[in-house]
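What follows is a set of notes on a single structure, which appears directly below.
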Amino acid sequence: MSSTGRLVIVSNRVGDPRKASAGGLAVALGDALAKSGGLWFGWSGKVVDDGAPGEGEVHHQRSGTVELVTIDLSKADHDTYYAGYSNQALWPAFHYRLDLADFASGFFAGYQRVNRLFARKLAVLLRPDDVIWVHDYHLIPLADELRALGCRQRIGFFLHIPLPPPPILAAIPGHKWLMRSFFAYDLVGLQTRSDADHFARFVQEEAGARALGEGRFEALGRQVVARAYPIGIDVEEFQRLASSNDSRQTEAMLKKQYSHRRLLVGIDRLDYSKGLPQRFRAFRELLANYPENLNSATLIQIASPTRESVQAYEELRRELEGLAGEINGDYGELDWLPIRYLHRVWARRRLPALYRASRVALVTPLRDGMNLVAKEYVAMQVEADPGVLVLSRFAGAAEQMPEALLVNPYDIPATTQAIQRALSMSLVERQERHSALLAQIREHDVHDWSRTFLDALSAIETRPPEAIASLVLQRAAPVSDGKPDLIT
Ligand code: GDG
């Protein structure tokens with residue numbers, strides 16, 4: 001990072017970068033934080049049943065040179081900001097599922113209240129030369145709230161999930177307020193070129209923004225730069241995990257146990273965006289149409305529990321249990337079950353073994369910001385005998401990974417054919433595809449992602465004080481009746 005300022009990360013959840021369980025993102029952000037002696041701010045994960053809305057106890061912790069600051073949420077705030085607006089309004093809508101979205105006005109008020117709470121608690125910790133990087137859909141209006149408190153620091157934002165095209169965004173009540181919130185940032189990062197195009201179209205069509213070139217837009221007296229910064233994985237970290245004793249033992253166990261089978265793997269949070277029912281149906285067609293897979297092809301599907309208080313997730317769980325039971329009942333034998341469906345979290349250190357033991361990975365979301373599992377699978381394959389990635393064209397990763405077998409997950413017969421093709425692909429073709437994919441994943445890893453984003457953020461000229469003052473003057477009026485104020 002060219003700036004000398006301290007890095008401040010803000011995200012809904014805070015990961016301790018030094019814990020063994022930390023994922024690639026926590027490790028990558030942790031590296032960037034450690035270099036600048038940074039601060040990471042977010043929700044503690046604790047819900048206080050009788051807590052007052054808009055209030056929460058703040059906790060300070062150190063992890064090496066990094067300060068971790070977390071805040072508790074009252075139950076009312078958790079239910080409206082997190083389970084409500086973030087996960088029942090923005091998550092489904094941004095994943096093109098308006099049919100599942102609930103735009104209850106109480107949700108919106110809670111979302112605004114918690115963003116204001118985060119801003120209030122964070123603002124007092126900030127130094128004038130800090131560089132602030134806000135993450136994901138939970139916190140879109142945070143910069144606006146910080147600006148209202150007089151923050152003049154550079155503030156960047158990264159959206160981990162897709163940004164849908166204008167007609168879908170326009171269906172979100174308060175969408176103009178949301179869009180205006182983006183203009184309080186200096187830099188907005190999106191996962192793909194197509195998300196960046198949607199941003200450009202939306203701000204021009206709905207907010208009358210002027211495009212100034214190279215992703216810079218001017219509207220509402222503000223300027224923002226919005227570009228694609230596709231996230232990657234920590235390839236080395238995964239390779240280290242793979243060489244651990246635990247991972248090697250698990251790989252040997254899987255290979256022995258399934259020596260007469262051909263393994264396929266799916267690893268997903270149990271989320272309706274991941275296309276799991278469609279995947280199970282395509283797998284059933286594989287068994288029905290290509291009998292050579294009977295007594296052989298075995299799909300290990302890890303579906304880690306997530307957001308279980310939300311009804312759509314409960315329904316999905318029941319649907320998948322039904323489908324897995326049906327397929328195993330119809331096709332299974334005494335010594336072979338076609339689907340091993342595990343509804344639990346699988347230890348991260350054991351993921352490499354599962355990736356390595358599998359001939360094919362099924363990564364078939366209906367919509368996904370990027371999808372890191374696709375990249376992790378490729379990174380874990382052995383060059384002498386690599387497996388094949390079947391990847392949805394609707395995952396952000398498809399833009400960078402054209403050498404995968406790209407599928408439309410809604411088209412079940414075509415997905416079935418692609419799985420069959422993956423299972424019977426020649427070694428030469430597997431190697432060619434794998435080496436192209438691996439080169440791309442190595443070049444654009446998570447460290448490259450955070451460096452590129454932070455360099456771009458640091459290169460943006462800081463705003464003159466008058467510009468900040470104008471941001472504050474134009475900010476959204478407080479919500480009085482639970483409905484967002486709209487600029488129409
Ligand atoms: C969001 C966006 C975007 C999964 N199950 C287990 C487990 N995992 C790990 C995987 C992978 C991560 O979780 C999942 O990342 P994805 O990218 O696949 O999906 P989301 O969770 O939806 O992430 C997505 C991402 O943010 C980053 O920007 O790519 O589009 O939706 O690392 O390995 N890990 C362990 N046990 C499990 O059971 N330990």
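Identifiers in the structure tokens: chain A, B, ... in order shown; residue index from 1 per chain; ligand index from 1 in order shown.
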Sorted per-residue table, stretch 390-476 of chain A near stretch 28-50 of chain A, closest atoms and distance, 8 Å, only C-alpha atoms, as a tab-separated table:
```
residue	atom	partner	partner_atom	distance
A:Val446	CA	A:Ala28	CA	6.2
A:His447	CA	A:Ala28	CA	5.8
A:Ser450	CA	A:Leu29	CA	7.2
A:Arg451	CA	A:Ala32	CA	7.9
```
Print the selection's residues with N, CA and C atoms to a file, as a short mmCIF file (atom, residue, chain, number, x, y, z; two decimals), in the first residue's frame.
```cif
data_model
loop_
_atom_site.label_atom_id
_atom_site.label_comp_id
_atom_site.auth_asym_id
_atom_site.auth_seq_id
_atom_site.Cartn_x
_atom_site.Cartn_y
_atom_site.Cartn_z
N VAL A 446 -5.59 -13.85 -3.19
CA VAL A 446 -6.26 -12.90 -2.29
C VAL A 446 -5.34 -11.76 -1.89
N HIS A 447 -4.03 -12.03 -1.89
CA HIS A 447 -3.09 -10.96 -1.53
C HIS A 447 -3.04 -9.92 -2.64
N SER A 450 -6.22 -7.75 -2.32
CA SER A 450 -6.26 -6.69 -1.30
C SER A 450 -5.24 -5.60 -1.63
N ARG A 451 -4.07 -6.01 -2.17
CA ARG A 451 -3.05 -5.00 -2.53
C ARG A 451 -3.59 -4.08 -3.61
#
```
- [ ] Check stretch 252-462 of chain A with DSSP on the backbone and list each residue it calls strand (DSSP E or B), as number ranges by chain.
- [x] A: 262-269, 297-304, 333, 336, 339-342, 360-363, 368, 388-392, 395, 405-407
Any chance you could export the current selection's N, CA, C and O atoms as a short mmCIF file (atom, residue, chain, number, x, y, z; two decimals), in the first residue's frame?
```cif
data_model
loop_
_atom_site.label_atom_id
_atom_site.label_comp_id
_atom_site.auth_asym_id
_atom_site.auth_seq_id
_atom_site.Cartn_x
_atom_site.Cartn_y
_atom_site.Cartn_z
N ARG A 262 -16.13 -43.36 -7.95
CA ARG A 262 -15.61 -42.08 -8.45
C ARG A 262 -16.28 -40.97 -7.66
O ARG A 262 -17.51 -40.84 -7.68
N LEU A 263 -15.45 -40.21 -6.95
CA LEU A 263 -16.01 -39.21 -6.04
C LEU A 263 -16.25 -37.87 -6.74
O LEU A 263 -15.43 -37.41 -7.54
N LEU A 264 -17.41 -37.28 -6.39
CA LEU A 264 -17.69 -35.91 -6.79
C LEU A 264 -17.90 -35.13 -5.50
O LEU A 264 -18.40 -35.70 -4.52
N VAL A 265 -17.51 -33.87 -5.48
CA VAL A 265 -17.65 -33.12 -4.24
C VAL A 265 -18.38 -31.79 -4.45
O VAL A 265 -18.25 -31.16 -5.51
N GLY A 266 -19.16 -31.43 -3.44
CA GLY A 266 -19.78 -30.10 -3.40
C GLY A 266 -19.61 -29.58 -1.98
O GLY A 266 -19.84 -30.31 -1.03
N ILE A 267 -19.14 -28.33 -1.84
CA ILE A 267 -18.99 -27.74 -0.51
C ILE A 267 -19.61 -26.35 -0.54
O ILE A 267 -19.16 -25.48 -1.29
N ASP A 268 -20.67 -26.18 0.21
CA ASP A 268 -21.40 -24.92 0.15
C ASP A 268 -22.03 -24.62 1.49
O ASP A 268 -22.35 -25.52 2.25
N ARG A 269 -22.25 -23.33 1.76
CA ARG A 269 -23.20 -23.01 2.83
C ARG A 269 -24.57 -23.43 2.30
O ARG A 269 -24.83 -23.37 1.09
N ALA A 297 -20.38 -43.66 -9.03
CA ALA A 297 -20.34 -42.21 -8.76
C ALA A 297 -20.94 -41.91 -7.39
O ALA A 297 -22.05 -42.34 -7.08
N THR A 298 -20.19 -41.17 -6.57
CA THR A 298 -20.64 -40.85 -5.22
C THR A 298 -20.45 -39.36 -4.99
O THR A 298 -19.32 -38.86 -5.12
N LEU A 299 -21.53 -38.68 -4.71
CA LEU A 299 -21.44 -37.24 -4.46
C LEU A 299 -21.36 -36.99 -2.96
O LEU A 299 -22.28 -37.33 -2.21
N ILE A 300 -20.23 -36.41 -2.52
CA ILE A 300 -20.14 -35.97 -1.12
C ILE A 300 -20.52 -34.50 -1.10
O ILE A 300 -19.83 -33.66 -1.70
N GLN A 301 -21.62 -34.20 -0.50
CA GLN A 301 -22.09 -32.81 -0.43
C GLN A 301 -22.04 -32.33 1.02
O GLN A 301 -22.80 -32.79 1.86
N ILE A 302 -21.12 -31.39 1.29
CA ILE A 302 -21.11 -30.74 2.60
C ILE A 302 -21.99 -29.50 2.46
O ILE A 302 -21.76 -28.67 1.58
N ALA A 303 -23.00 -29.42 3.29
CA ALA A 303 -23.87 -28.23 3.26
C ALA A 303 -23.83 -27.63 4.65
O ALA A 303 -24.54 -28.08 5.55
N SER A 304 -22.97 -26.65 4.85
CA SER A 304 -22.79 -26.13 6.21
C SER A 304 -23.97 -25.24 6.59
O SER A 304 -24.43 -24.42 5.80
N GLU A 333 -27.34 -49.11 -2.95
CA GLU A 333 -27.19 -50.55 -2.73
C GLU A 333 -26.76 -50.75 -1.28
O GLU A 333 -26.44 -49.79 -0.59
N TRP A 336 -23.40 -49.20 -1.20
CA TRP A 336 -23.13 -47.94 -1.93
C TRP A 336 -24.29 -46.96 -1.79
O TRP A 336 -25.44 -47.32 -2.08
N ILE A 339 -25.44 -40.47 -2.63
CA ILE A 339 -25.19 -39.14 -2.07
C ILE A 339 -24.86 -39.23 -0.60
O ILE A 339 -25.59 -39.82 0.19
N ARG A 340 -23.73 -38.68 -0.24
CA ARG A 340 -23.37 -38.51 1.18
C ARG A 340 -23.63 -37.05 1.48
O ARG A 340 -22.85 -36.18 1.08
N TYR A 341 -24.73 -36.79 2.14
CA TYR A 341 -25.14 -35.41 2.40
C TYR A 341 -24.85 -35.08 3.85
O TYR A 341 -25.43 -35.69 4.76
N LEU A 342 -23.91 -34.17 4.08
CA LEU A 342 -23.51 -33.84 5.45
C LEU A 342 -23.91 -32.42 5.78
O LEU A 342 -23.35 -31.46 5.24
N VAL A 360 -14.27 -34.90 -9.53
CA VAL A 360 -15.03 -33.78 -10.10
C VAL A 360 -15.55 -32.90 -8.95
O VAL A 360 -15.96 -33.43 -7.91
N ALA A 361 -15.52 -31.58 -9.14
CA ALA A 361 -16.18 -30.68 -8.17
C ALA A 361 -17.39 -30.07 -8.84
O ALA A 361 -17.33 -29.64 -10.01
N LEU A 362 -18.50 -30.04 -8.11
CA LEU A 362 -19.73 -29.43 -8.64
C LEU A 362 -19.93 -28.09 -7.92
O LEU A 362 -20.24 -28.05 -6.73
N VAL A 363 -19.71 -27.02 -8.67
CA VAL A 363 -19.88 -25.67 -8.13
C VAL A 363 -20.93 -25.01 -9.02
O VAL A 363 -20.60 -24.42 -10.04
N ASP A 368 -23.78 -16.22 -7.74
CA ASP A 368 -22.76 -16.15 -6.69
C ASP A 368 -21.84 -14.97 -7.00
O ASP A 368 -21.50 -14.76 -8.17
N VAL A 388 -11.73 -32.34 -12.40
CA VAL A 388 -12.39 -31.40 -13.31
C VAL A 388 -13.41 -30.56 -12.54
O VAL A 388 -14.18 -31.08 -11.73
N LEU A 389 -13.41 -29.27 -12.85
CA LEU A 389 -14.35 -28.34 -12.21
C LEU A 389 -15.55 -28.11 -13.12
O LEU A 389 -15.40 -27.68 -14.27
N VAL A 390 -16.74 -28.44 -12.61
CA VAL A 390 -17.98 -28.10 -13.31
C VAL A 390 -18.50 -26.84 -12.63
O VAL A 390 -18.79 -26.84 -11.43
N LEU A 391 -18.58 -25.75 -13.38
CA LEU A 391 -18.82 -24.43 -12.77
C LEU A 391 -20.00 -23.73 -13.42
O LEU A 391 -20.10 -23.66 -14.66
N SER A 392 -20.85 -23.18 -12.59
CA SER A 392 -21.99 -22.43 -13.11
C SER A 392 -21.53 -21.15 -13.80
O SER A 392 -20.68 -20.42 -13.28
N ALA A 395 -21.75 -18.00 -11.56
CA ALA A 395 -20.83 -17.67 -10.46
C ALA A 395 -19.89 -16.59 -10.99
O ALA A 395 -19.45 -16.67 -12.15
N LEU A 405 -15.63 -26.52 -16.95
CA LEU A 405 -16.79 -26.89 -17.77
C LEU A 405 -17.94 -26.01 -17.30
O LEU A 405 -18.50 -26.23 -16.21
N LEU A 406 -18.26 -24.99 -18.07
CA LEU A 406 -19.27 -24.03 -17.64
C LEU A 406 -20.67 -24.56 -17.94
O LEU A 406 -20.92 -25.08 -19.03
N VAL A 407 -21.56 -24.43 -16.97
CA VAL A 407 -22.93 -24.94 -17.15
C VAL A 407 -23.96 -23.89 -16.74
O VAL A 407 -23.68 -22.99 -15.95
#
```
Closest-contact table, chain A side, partner ligand 1, 7 Å, counting only C-alpha atoms and all ligand atoms, as a Markdown table:
```
| residue | atom | partner | partner_atom_place_in_ligand_line | distance |
| --- | --- | --- | --- | --- |
| A:Gly23 | CA | ligand 1 | 32 (O) | 6.4 |
| A:Gly24 | CA | ligand 1 | 32 (O) | 6.9 |
| A:His160 | CA | ligand 1 | 28 (O) | 4.2 |
| A:Ile161 | CA | ligand 1 | 2 (C) | 5.0 |
| A:Ile231 | CA | ligand 1 | 28 (O) | 5.9 |
| A:Ile267 | CA | ligand 1 | 5 (N) | 5.3 |
| A:Asp268 | CA | ligand 1 | 4 (C) | 4.8 |
| A:Arg269 | CA | ligand 1 | 5 (N) | 5.3 |
| A:Ile302 | CA | ligand 1 | 38 (O) | 5.9 |
| A:Ala303 | CA | ligand 1 | 38 (O) | 6.5 |
| A:Ser304 | CA | ligand 1 | 38 (O) | 4.7 |
| A:Arg344 | CA | ligand 1 | 38 (O) | 6.1 |
| A:Val345 | CA | ligand 1 | 38 (O) | 3.4 |
| A:Trp346 | CA | ligand 1 | 38 (O) | 3.8 |
| A:Ala347 | CA | ligand 1 | 39 (N) | 4.4 |
| A:Arg348 | CA | ligand 1 | 39 (N) | 3.3 |
| A:Leu351 | CA | ligand 1 | 39 (N) | 6.8 |
| A:Asp368 | CA | ligand 1 | 30 (O) | 4.3 |
| A:Gly369 | CA | ligand 1 | 30 (O) | 3.3 |
| A:Met370 | CA | ligand 1 | 29 (O) | 3.7 |
| A:Asn371 | CA | ligand 1 | 17 (O) | 3.4 |
| A:Leu372 | CA | ligand 1 | 17 (O) | 3.7 |
| A:Val373 | CA | ligand 1 | 18 (O) | 4.7 |
| A:Glu376 | CA | ligand 1 | 33 (O) | 7.0 |
| A:Gly396 | CA | ligand 1 | 30 (O) | 6.9 |
```
- [ ] Select, from A:Gln400, A:Ser296, A:Thr250, A:Asn115, the residue with the minimum atom-to-atom distance to A:Ala439, counting only C-alpha atoms.
- [x] A:Gln400
TODO: Return the single residue from A:Arg421, A:Ser358, A:Asp271, A:Ala170 that is closest to A:Tyr290, with distances computed using only C-alpha atoms.
DONE: A:Arg421
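Distance check against A:Arg356 using only C-alpha atoms: of A:Glu145, A:Glu383, A:Asp411, A:Asp197, the minimum falls on A:Glu383.
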TODO: Could you jot down the atom CA of A:Leu7 to atom CA of A:Arg116 separation for me, Å, one decimal place?
DONE: 20.7 Å
Open item on the list: So the first atom is atom CA of A:Gly232 and the second is atom CA of A:Asp445; what is the distance between them in Å, to one decimal place?
Closed with: 4.3 Å
Open item on the list: I want to know what sits within 12 Å of A:Gly325, based on only C-alpha atoms, with residues of the same chain fewer than 5 positions away left out; could you give that as a count of residues only?
Closed with: 13
Open item on the list: Using Å and a single decimal, report how far atom CA of A:Met380 sits from atom CA of A:Phe453.
Closed with: 26.0 Å
